[in-house]
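query-v9.cif (mmCIF, C-alpha atoms and all ligand atoms)
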data_my_file
#
loop_
_atom_site.label_atom_id
_atom_site.label_comp_id
_atom_site.auth_asym_id
_atom_site.auth_seq_id
_atom_site.Cartn_x
_atom_site.Cartn_y
_atom_site.Cartn_z
CA MET R 19 50.04 21.77 -12.03
CA GLN R 20 51.45 19.78 -9.15
CA ALA R 21 49.66 16.61 -8.10
CA ALA R 22 47.85 16.89 -4.76
CA ASP R 23 49.29 15.02 -1.80
CA PRO R 24 47.81 11.56 -1.48
CA ARG R 25 44.91 11.38 0.96
CA ARG R 26 45.59 9.38 4.09
CA VAL R 27 42.87 6.75 4.44
CA SER R 28 42.12 3.96 6.90
CA ILE R 29 39.59 1.17 6.50
CA PHE R 30 38.10 -0.61 9.49
CA GLY R 31 36.39 -3.86 8.57
CA ALA R 32 38.53 -3.96 5.42
CA THR R 33 38.03 -7.70 4.88
CA GLY R 34 34.22 -7.49 4.85
CA SER R 35 31.77 -6.71 2.10
CA ILE R 36 31.89 -2.90 2.48
CA GLY R 37 35.63 -2.98 3.20
CA GLN R 38 36.41 -4.92 0.03
CA ASN R 39 34.25 -2.58 -2.05
CA THR R 40 36.13 0.37 -0.54
CA ILE R 41 39.46 -1.24 -1.38
CA ASP R 42 38.22 -1.86 -4.91
CA LEU R 43 37.71 1.88 -5.39
CA ILE R 44 40.96 2.92 -3.73
CA ALA R 45 43.07 0.35 -5.59
CA ARG R 46 41.89 1.81 -8.92
CA ASP R 47 43.81 5.00 -8.15
CA PRO R 48 46.70 3.93 -5.90
CA ASP R 49 48.70 7.17 -6.22
CA ALA R 50 45.82 9.20 -4.85
CA TYR R 51 45.81 7.42 -1.49
CA ASP R 52 48.21 6.75 1.33
CA VAL R 53 46.77 3.83 3.30
CA VAL R 54 47.34 4.20 7.04
CA ALA R 55 45.45 1.32 8.70
CA LEU R 56 43.44 -1.71 7.61
CA SER R 57 41.51 -3.94 10.02
CA GLY R 58 39.91 -7.33 9.76
CA GLY R 59 38.89 -10.35 11.78
CA ALA R 60 39.67 -14.02 11.23
CA ASN R 61 40.52 -13.78 7.53
CA ILE R 62 44.24 -13.13 8.08
CA ALA R 63 45.26 -14.02 4.52
CA ARG R 64 42.91 -11.43 3.00
CA LEU R 65 43.97 -8.74 5.48
CA ALA R 66 47.68 -9.37 4.97
CA GLU R 67 47.42 -9.49 1.20
CA ASP R 68 45.54 -6.18 1.02
CA ALA R 69 47.88 -4.55 3.55
CA ARG R 70 50.88 -5.56 1.46
CA ARG R 71 49.33 -4.55 -1.84
CA LEU R 72 48.16 -1.17 -0.53
CA ARG R 73 51.34 -0.63 1.53
CA ALA R 74 49.45 0.09 4.74
CA ASP R 75 51.36 1.32 7.79
CA VAL R 76 49.51 -1.06 10.11
CA ALA R 77 47.14 -4.04 9.85
CA VAL R 78 44.99 -5.00 12.82
CA THR R 79 43.04 -8.18 13.44
CA ALA R 80 40.20 -7.96 15.95
CA PHE R 81 41.34 -11.23 17.52
CA PRO R 82 44.40 -11.17 19.85
CA GLU R 83 44.93 -14.93 19.40
CA ARG R 84 45.53 -14.32 15.68
CA LEU R 85 48.38 -11.80 16.14
CA HIS R 86 51.00 -14.48 15.60
CA ASP R 87 49.44 -15.54 12.29
CA LEU R 88 49.14 -11.95 11.12
CA ARG R 89 52.81 -11.24 11.98
CA ALA R 90 53.85 -14.30 10.01
CA ALA R 91 51.71 -13.30 7.03
CA LEU R 92 53.21 -9.80 7.02
CA ALA R 93 56.84 -10.86 7.55
CA GLY R 94 59.23 -8.76 5.48
CA SER R 95 56.50 -6.44 4.21
CA GLY R 96 57.22 -3.48 6.49
CA VAL R 97 53.54 -3.45 7.56
CA MET R 98 53.13 -3.42 11.34
CA ALA R 99 50.84 -6.10 12.81
CA ALA R 100 48.55 -5.49 15.79
CA ALA R 101 45.54 -7.20 17.38
CA GLY R 102 42.60 -6.71 19.70
CA PRO R 103 40.09 -3.98 20.52
CA ALA R 104 42.65 -1.57 22.06
CA ALA R 105 44.87 -1.89 18.96
CA LEU R 106 41.84 -1.05 16.79
CA VAL R 107 41.30 2.17 18.71
CA GLU R 108 45.01 3.02 18.51
CA ALA R 109 44.97 2.45 14.77
CA ALA R 110 41.90 4.69 14.43
CA ALA R 111 43.75 7.43 16.32
CA ARG R 112 46.58 7.43 13.74
CA PRO R 113 46.31 10.62 11.72
CA ALA R 114 44.19 10.10 8.61
CA ASP R 115 42.03 12.32 6.42
CA TRP R 116 39.29 9.79 5.69
CA VAL R 117 38.31 6.73 7.70
CA MET R 118 35.88 4.04 6.57
CA SER R 119 33.89 2.54 9.47
CA ALA R 120 32.84 -0.88 8.15
CA ILE R 121 33.18 -3.19 11.11
CA VAL R 122 29.91 -5.03 11.72
CA GLY R 123 28.17 -4.47 15.05
CA ALA R 124 28.73 -2.38 18.16
CA ALA R 125 32.46 -3.18 17.94
CA GLY R 126 32.64 -0.37 15.37
CA LEU R 127 31.75 2.33 17.89
CA ALA R 128 35.06 2.79 19.76
CA PRO R 129 37.29 2.99 16.66
CA GLY R 130 34.78 5.38 15.05
CA LEU R 131 34.90 7.70 18.05
CA ALA R 132 38.71 7.59 18.02
CA ALA R 133 38.73 8.57 14.34
CA LEU R 134 36.42 11.52 15.04
CA GLU R 135 38.57 12.59 18.00
CA GLN R 136 41.56 13.00 15.70
CA GLY R 137 39.42 15.09 13.34
CA ALA R 138 39.17 12.62 10.46
CA THR R 139 36.18 12.49 8.14
CA LEU R 140 34.31 9.34 9.14
CA ALA R 141 32.53 7.47 6.36
CA LEU R 142 29.92 5.56 8.31
CA ALA R 143 28.78 2.21 7.00
CA ASN R 144 28.55 0.90 10.57
CA LYS R 145 24.99 1.97 11.39
CA GLU R 146 25.31 0.54 14.90
CA THR R 147 27.50 3.55 15.80
CA LEU R 148 24.57 5.98 15.54
CA VAL R 149 22.00 3.51 16.88
CA CYS R 150 23.97 2.83 20.06
CA ALA R 151 25.36 6.27 20.70
CA GLY R 152 24.00 8.88 18.27
CA PRO R 153 24.14 11.93 20.57
CA LEU R 154 27.63 11.02 21.84
CA VAL R 155 28.95 10.49 18.31
CA LEU R 156 27.50 13.74 16.95
CA GLU R 157 28.81 15.69 19.93
CA THR R 158 32.28 14.14 19.52
CA ALA R 159 32.32 15.10 15.84
CA ARG R 160 31.22 18.66 16.66
CA ARG R 161 33.81 19.08 19.40
CA HIS R 162 36.68 17.95 17.16
CA GLY R 163 35.52 19.61 13.95
CA ALA R 164 35.22 16.19 12.31
CA ARG R 165 32.71 15.29 9.63
CA LEU R 166 30.43 12.28 9.40
CA LEU R 167 29.37 11.06 5.96
CA PRO R 168 26.72 8.37 5.48
CA VAL R 169 27.55 5.19 3.58
CA ASP R 170 24.41 3.18 4.23
CA SER R 171 22.74 3.37 0.79
CA GLU R 172 19.48 4.88 2.09
CA HIS R 173 21.25 7.55 4.12
CA SER R 174 23.64 8.38 1.31
CA ALA R 175 20.58 8.78 -0.93
CA VAL R 176 18.87 11.12 1.55
CA PHE R 177 22.11 13.07 2.03
CA GLN R 178 22.38 13.53 -1.75
CA ALA R 179 18.72 14.58 -2.08
CA LEU R 180 19.35 17.22 0.59
CA VAL R 181 22.25 18.96 -1.16
CA GLY R 182 21.37 22.66 -1.32
CA GLU R 183 18.17 22.14 0.69
CA ASP R 184 17.16 23.42 4.08
CA MET R 185 16.18 20.75 6.66
CA ALA R 186 13.40 23.11 7.76
CA ALA R 187 11.71 22.50 4.37
CA VAL R 188 11.75 18.72 4.81
CA GLU R 189 8.38 17.16 5.57
CA ARG R 190 9.38 13.50 5.57
CA ILE R 191 12.09 11.02 4.73
CA VAL R 192 11.11 7.72 3.12
CA ILE R 193 13.61 4.88 3.16
CA THR R 194 13.06 1.80 1.04
CA ALA R 195 13.42 -1.85 2.06
CA SER R 196 13.70 -4.82 -0.28
CA GLY R 197 11.69 -6.92 2.16
CA GLY R 198 14.51 -9.45 2.40
CA ALA R 199 14.60 -13.16 1.73
CA PHE R 200 11.14 -13.91 3.18
CA ARG R 201 9.20 -11.04 1.66
CA ASP R 202 6.89 -13.38 -0.24
CA TRP R 203 6.87 -16.33 2.14
CA PRO R 204 3.60 -17.22 3.85
CA LEU R 205 3.71 -15.98 7.46
CA GLU R 206 3.28 -19.52 8.86
CA ARG R 207 6.57 -20.58 7.30
CA LEU R 208 8.66 -17.89 9.04
CA ALA R 209 8.83 -19.69 12.39
CA SER R 210 10.82 -22.53 10.86
CA ALA R 211 13.04 -20.43 8.55
CA THR R 212 16.76 -21.20 8.85
CA ALA R 213 19.76 -18.86 8.96
CA GLU R 214 20.88 -20.20 5.60
CA GLU R 215 17.55 -19.28 4.03
CA ALA R 216 17.57 -15.84 5.67
CA ALA R 217 21.07 -15.16 4.31
CA GLN R 218 19.83 -15.14 0.68
CA HIS R 219 19.24 -11.52 -0.24
CA PRO R 220 17.10 -10.88 -3.33
CA ASN R 221 19.11 -7.85 -4.55
CA TRP R 222 22.20 -6.93 -2.52
CA ASP R 223 25.40 -8.88 -1.95
CA MET R 224 26.28 -8.08 1.69
CA GLY R 225 27.74 -9.64 4.83
CA GLN R 226 25.85 -12.54 6.45
CA ARG R 227 24.61 -10.62 9.48
CA ILE R 228 23.13 -7.63 7.66
CA THR R 229 21.54 -9.98 5.12
CA ILE R 230 19.71 -11.89 7.86
CA ASP R 231 18.79 -8.54 9.43
CA SER R 232 17.26 -7.60 6.08
CA ALA R 233 14.98 -10.65 6.19
CA SER R 234 13.76 -9.72 9.69
CA MET R 235 13.91 -5.97 8.93
CA PHE R 236 16.02 -5.46 12.02
CA ASN R 237 18.33 -3.82 9.48
CA LYS R 238 15.59 -1.37 8.49
CA ALA R 239 14.76 -0.81 12.15
CA LEU R 240 18.39 0.18 12.79
CA GLU R 241 18.28 2.40 9.70
CA VAL R 242 15.17 4.25 10.89
CA ILE R 243 17.01 5.09 14.13
CA GLU R 244 20.12 5.97 12.10
CA THR R 245 17.97 8.34 9.99
CA ARG R 246 16.65 10.02 13.08
CA GLU R 247 20.14 10.54 14.50
CA PHE R 248 21.92 11.50 11.30
CA PHE R 249 19.36 13.98 9.99
CA GLY R 250 17.86 15.08 13.31
CA ILE R 251 14.32 14.49 12.04
CA ASP R 252 11.28 13.60 14.18
CA PRO R 253 10.59 9.85 14.19
CA ASP R 254 7.02 10.39 12.96
CA ARG R 255 8.42 11.97 9.79
CA ILE R 256 10.38 8.85 8.87
CA GLU R 257 8.62 6.25 6.72
CA VAL R 258 9.61 2.81 5.50
CA ILE R 259 8.30 1.45 2.22
CA VAL R 260 8.86 -1.99 0.72
CA HIS R 261 10.36 -1.70 -2.75
CA PRO R 262 11.27 -5.15 -4.09
CA GLU R 263 13.57 -3.92 -6.89
CA SER R 264 15.98 -1.94 -4.62
CA MET R 265 16.52 0.70 -7.30
CA VAL R 266 15.07 3.65 -5.39
CA HIS R 267 17.14 3.91 -2.19
CA ALA R 268 15.33 6.72 -0.42
CA LEU R 269 13.09 9.74 -1.02
CA VAL R 270 12.87 13.12 0.64
CA GLY R 271 9.50 14.88 0.77
CA PHE R 272 9.49 18.69 1.01
CA ARG R 273 6.87 21.09 2.34
CA ASP R 274 5.77 22.04 -1.18
CA GLY R 275 4.87 18.40 -1.87
CA ALA R 276 7.91 17.60 -4.01
CA LEU R 277 9.34 14.14 -3.46
CA MET R 278 12.99 13.75 -4.52
CA ALA R 279 14.02 10.15 -5.14
CA HIS R 280 17.51 8.73 -5.45
CA LEU R 281 17.87 5.82 -7.89
CA GLY R 282 20.79 3.61 -8.72
CA ALA R 283 21.81 0.01 -9.24
CA PRO R 284 22.17 -1.89 -5.94
CA ASP R 285 25.96 -1.58 -5.72
CA MET R 286 27.50 -0.22 -2.51
CA ARG R 287 30.38 1.29 -4.45
CA HIS R 288 28.08 4.17 -5.30
CA ALA R 289 27.50 5.24 -1.67
CA ILE R 290 31.12 4.45 -0.72
CA GLY R 291 32.43 6.43 -3.70
CA TYR R 292 30.13 9.36 -2.96
CA ALA R 293 31.52 9.53 0.59
CA LEU R 294 35.09 9.10 -0.70
CA HIS R 295 34.90 11.94 -3.22
CA TRP R 296 32.42 14.21 -1.44
CA PRO R 297 31.68 17.03 -2.07
CA GLU R 298 32.67 16.23 -5.65
CA ARG R 299 31.15 13.60 -7.89
CA ARG R 300 33.61 11.45 -9.78
CA ASP R 301 33.31 8.56 -12.23
CA LEU R 302 32.35 5.34 -10.48
CA PRO R 303 32.37 1.80 -11.89
CA VAL R 304 28.70 1.12 -11.19
CA ALA R 305 26.05 -0.05 -13.64
CA ARG R 306 23.80 2.62 -15.14
CA LEU R 307 20.07 2.03 -14.86
CA ASP R 308 18.11 1.29 -18.00
CA LEU R 309 14.63 2.40 -16.97
CA ALA R 310 12.96 1.16 -20.14
CA ALA R 311 14.44 -2.30 -19.55
CA LEU R 312 13.31 -2.19 -15.93
CA GLY R 313 9.79 -1.30 -17.04
CA GLN R 314 8.29 -0.84 -13.62
CA LEU R 315 9.07 -0.20 -10.00
CA ASN R 316 6.85 -1.48 -7.21
CA PHE R 317 6.08 -0.17 -3.74
CA ARG R 318 3.99 -1.44 -0.87
CA ALA R 319 3.48 -0.74 2.82
CA PRO R 320 5.46 -3.00 5.18
CA ASP R 321 3.36 -5.54 7.06
CA GLY R 322 3.76 -5.00 10.81
CA ALA R 323 3.01 -8.65 11.61
CA ARG R 324 5.77 -9.84 9.29
CA TYR R 325 8.29 -7.25 10.49
CA PRO R 326 7.84 -6.63 14.25
CA ALA R 327 11.32 -5.05 14.41
CA LEU R 328 9.94 -1.85 12.86
CA ALA R 329 7.59 -1.22 15.80
CA LEU R 330 10.44 -1.93 18.22
CA ALA R 331 12.50 0.81 16.52
CA ARG R 332 9.63 3.29 17.07
CA ARG R 333 9.56 2.33 20.69
CA VAL R 334 13.32 2.85 21.04
CA MET R 335 13.14 6.30 19.45
CA ALA R 336 10.29 7.31 21.76
CA ARG R 337 12.23 6.12 24.80
CA GLY R 338 15.64 7.58 23.86
CA GLY R 339 18.65 7.52 26.21
CA LEU R 340 20.57 4.25 26.11
CA SER R 341 17.65 2.25 24.72
CA GLY R 342 19.32 2.24 21.27
CA ALA R 343 22.34 0.48 22.79
CA VAL R 344 20.02 -2.04 24.45
CA PHE R 345 18.11 -2.62 21.23
CA ASN R 346 21.19 -3.15 19.11
CA ALA R 347 23.01 -5.40 21.59
CA ALA R 348 19.91 -7.53 22.22
CA LYS R 349 19.43 -7.84 18.46
CA GLU R 350 23.09 -8.81 17.92
CA ARG R 351 22.92 -11.47 20.61
CA ALA R 352 19.58 -12.84 19.41
CA LEU R 353 21.09 -13.00 15.92
CA ASP R 354 24.08 -14.99 17.29
CA HIS R 355 21.60 -17.50 18.73
CA PHE R 356 19.59 -17.67 15.51
CA ILE R 357 22.73 -18.26 13.43
CA ALA R 358 23.80 -20.97 15.90
CA GLY R 359 20.40 -22.65 15.48
CA HIS R 360 19.38 -22.16 19.12
CA ILE R 361 16.23 -20.17 18.37
CA GLY R 362 13.77 -19.66 15.56
CA PHE R 363 13.58 -16.69 13.20
CA LEU R 364 10.59 -15.10 14.97
CA ASP R 365 12.16 -15.59 18.40
CA MET R 366 14.69 -12.85 17.67
CA ALA R 367 12.10 -10.05 17.89
CA ARG R 368 10.47 -11.70 20.93
CA LEU R 369 13.77 -11.81 22.80
CA VAL R 370 14.66 -8.23 21.91
CA GLU R 371 11.23 -7.07 23.06
CA ALA R 372 11.55 -8.93 26.36
CA VAL R 373 14.94 -7.33 27.01
CA LEU R 374 13.61 -3.85 26.15
CA ASP R 375 10.72 -4.46 28.60
CA ARG R 376 13.18 -5.28 31.35
CA PHE R 377 15.37 -2.24 30.78
CA GLU R 378 12.39 0.09 30.54
CA SER R 379 11.23 -0.97 33.98
CA ASP R 380 14.64 0.19 35.26
CA PRO R 381 14.95 3.86 34.20
CA GLY R 382 18.18 4.32 36.17
CA LEU R 383 19.97 2.26 33.52
CA ILE R 384 18.43 3.70 30.37
CA ASP R 385 18.72 7.31 31.46
CA ALA R 386 22.35 7.18 32.62
CA PRO R 387 24.57 9.82 30.95
CA MET R 388 25.77 8.59 27.55
CA THR R 389 29.53 7.90 27.49
CA LEU R 390 31.54 5.19 25.74
CA ASP R 391 31.69 3.39 29.12
CA THR R 392 27.95 3.49 29.83
CA VAL R 393 27.15 2.43 26.26
CA THR R 394 29.60 -0.47 26.52
CA GLN R 395 28.26 -1.57 29.92
CA THR R 396 24.68 -1.35 28.68
CA ASP R 397 25.63 -3.37 25.62
CA HIS R 398 27.16 -6.14 27.78
CA LEU R 399 24.20 -6.21 30.16
CA ALA R 400 21.68 -6.40 27.31
CA ARG R 401 23.56 -9.39 25.83
CA GLN R 402 23.54 -11.10 29.24
CA ARG R 403 19.82 -10.50 29.53
CA VAL R 404 19.17 -12.14 26.17
CA ASP R 405 21.04 -15.20 27.44
CA ALA R 406 19.14 -15.08 30.73
CA ALA R 407 15.80 -14.85 28.91
CA MET R 408 16.81 -17.88 26.83
CA ALA R 409 17.78 -19.87 29.90
CA GLN R 410 14.40 -19.04 31.41
CA ARG R 411 12.56 -20.25 28.31
CA ALA R 412 14.58 -23.46 28.31
CA GLY R 413 13.98 -24.04 32.05
P1 LIG R 501 30.94 -8.16 6.87
O1 LIG R 501 30.49 -9.19 7.83
O2 LIG R 501 31.07 -8.51 5.44
O3 LIG R 501 32.34 -7.56 7.36
C1 LIG R 501 32.52 -7.14 8.68
C2 LIG R 501 33.94 -6.67 8.96
O4 LIG R 501 34.05 -6.41 10.37
C3 LIG R 501 35.00 -7.72 8.63
O5 LIG R 501 36.18 -7.05 8.23
C4 LIG R 501 35.23 -8.39 9.99
O6 LIG R 501 36.51 -8.97 10.11
C5 LIG R 501 35.09 -7.24 10.93
N1 LIG R 501 34.65 -7.63 12.28
C6 LIG R 501 33.68 -8.53 12.61
N2 LIG R 501 33.55 -8.60 13.93
C7 LIG R 501 34.43 -7.72 14.47
C8 LIG R 501 34.76 -7.34 15.81
N3 LIG R 501 34.15 -7.87 16.86
N4 LIG R 501 35.71 -6.40 15.99
C9 LIG R 501 36.35 -5.84 14.92
N5 LIG R 501 36.09 -6.18 13.63
C10 LIG R 501 35.14 -7.10 13.42
O7 LIG R 501 29.94 -6.92 7.06
P2 LIG R 501 29.45 -5.85 5.99
O8 LIG R 501 28.27 -6.39 5.28
O9 LIG R 501 30.60 -5.32 5.21
O10 LIG R 501 28.88 -4.70 6.94
C11 LIG R 501 29.73 -3.85 7.67
C12 LIG R 501 28.90 -2.72 8.27
O11 LIG R 501 28.35 -1.94 7.21
C13 LIG R 501 27.71 -3.19 9.10
O12 LIG R 501 27.51 -2.29 10.14
C14 LIG R 501 26.55 -3.14 8.12
O13 LIG R 501 25.32 -2.94 8.75
C15 LIG R 501 26.93 -1.93 7.30
N6 LIG R 501 26.38 -1.91 5.95
C16 LIG R 501 26.72 -2.90 5.07
C17 LIG R 501 26.19 -2.89 3.79
C18 LIG R 501 26.60 -3.94 2.77
O14 LIG R 501 26.25 -3.81 1.61
N7 LIG R 501 27.35 -4.95 3.13
C19 LIG R 501 25.31 -1.88 3.41
C20 LIG R 501 24.99 -0.88 4.32
C21 LIG R 501 25.54 -0.91 5.59
MG MG R 502 21.00 0.21 4.06
#
Kindly present the structure from the file in structure tokens form.
Ligand code: NAD
Ligand code: MG
Amino acid sequence: MQAADPRRVSIFGATGSIGQNTIDLIARDPDAYDVVALSGGANIARLAEDARRLRADVAVTAFPERLHDLRAALAGSGVMAAAGPAALVEAAARPADWVMSAIVGAAGLAPGLAALEQGATLALANKETLVCAGPLVLETARRHGARLLPVDSEHSAVFQALVGEDMAAVERIVITASGGAFRDWPLERLASATAEEAAQHPNWDMGQRITIDSASMFNKALEVIETREFFGIDPDRIEVIVHPESMVHALVGFRDGALMAHLGAPDMRHAIGYALHWPERRDLPVARLDLAALGQLNFRAPDGARYPALALARRVMARGGLSGAVFNAAKERALDHFIAGHIGFLDMARLVEAVLDRFESDPGLIDAPMTLDTVTQTDHLARQRVDAAMAQRAG
């Protein structure tokens, strides 16, 4: 039998936590893949080394001022160097069979859309894509016959539990949350929590931003919206449950009362590998659970006072339109300020809520037709409004 042609793959956000896990899987079977594009940010050495090793056609840094460094690091390798947001979109438009979307934040949207427009299968770790522009992204995929596969662990778990099932038989989707770094802290302590403390995840090893978002549950809030968009399920059928062990990733409840759970060690290579090999299952280098050693699994309802982001997500889903783009951008900007030490941990939700209030009193903005341009403009305006709200508090 003749070996199949290598699959053409691109990885956006290749230098990050998801990107490196994706490279780990691909590098185990180098003959099976033809790497088209890799992208990164400020870590030029990492990007260049992986691009050389995997013989990528092009490597792109998000930062134009780093193009010179990237060129130097790639000298003599035959890998093309490029930089900036437009170069990211161009790289995503290069023909590929499978594209990993693992940039963090709304910056992942435009390259993701470009990948769908060329008909590639888009493995979506970047949850912001569906939060900011779910209807636009799904319509783009439909129009170009492209497929979206979830990589967020909860959504991969739901997707797997739904194989062979009819969405009409689904009563509810339950996604689990570890509760993050402050799960067991007394509420009074949260106001003075630092970014360093918030960046300590109890179970998962992830990028800094998503780890802090886990402590505030802004990550879970984004995931609830992502669940709604990806699976087209009513918001009131989506539940969040705190599960400190992070072994059950999600559950799907059916009309006959059956509840199908997906379990696995907290290792993102499972969800990445499932999306890479879908619809097949292949061997993956992830730990196998020893249930007897685990002994017990715990579950509890999330406390609304501790995690105000969850109620904000409900509000965004009820409002629809461009409110997801507002929510995500305001959250990203508030997170910038928290990481910089300008605001406290609890101020993030307050700022996001204030910005949502302002947009909701201006329906012309939120209900504008959803295009990449309107989403981008809304994103910029929401960030400006976070800064304006901060200036007002300071003044
Ligand atoms: P990370 O911070 O480790 O890596 C982010 C990547 O994006 C890096 O390659 C970085 O260079 C690049 N990047 C950052 N800013 C950029 C910009 N403005 N333009 C272009 N590229 C930029 O993040 P991560 O933890 O790997 O998460 C990536 C995405 O996957 C996020 O959307 C996150 O929510 C999602 N996700 C991550 C995990 C996880 O385990 N890490 C799990 C589920 C979902
Ligand atoms: Mg997740």
Using only C-alpha atoms and all ligand atoms: which of R:Thr79, R:Asn237, R:Gln38, R:Ser210 has the shortest distance to ligand MG 502 (chain R):
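Looking only at the distances to ligand MG 502 (chain R), the closest residue turns out to be R:Asn237.
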Need the shell around R:Gly130: protein/DNA/RNA residues with any atom at most 8 Å away, counting all atoms listed in the file. Skip same-chain ones fewer than 3 positions apart. Format as number ranges by chain?
R: 110, 119, 126-127, 133-134, 140, 147
Within 6 Å of ligand LIG 501 (chain R) (only C-alpha atoms and all ligand atoms), residues as a PyMOL selection string
chain R and resi 31-37+58-59+80+120-123+125+143-146+170-171+224-226+228+286
Which residues are near ligand MG 502 (chain R) - at most 12 Å, using all atoms listed in the file? Format: as a ChimeraX atom specification.
/R:36,142-146,168-176,193-198,221-225,228-229,231-232,235-245,258,264,266-268,284-286,289-290
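For the residues R:His261, R:Arg190, R:Arg246, R:Arg368, ranking by smallest atom-to-atom distance to R:Val149 using all atoms listed in the file places R:Arg246 first.
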When you count only C-alpha atoms, which of these residues is closest to R:Ala211: R:Phe377, R:Phe272, R:Phe317, R:Phe363?
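Answer, going by the shortest atom-to-atom distance: R:Phe363.
The spacing separating atom CA of R:Gly163 from atom CA of R:Arg112 amounts to 16.5 Å.
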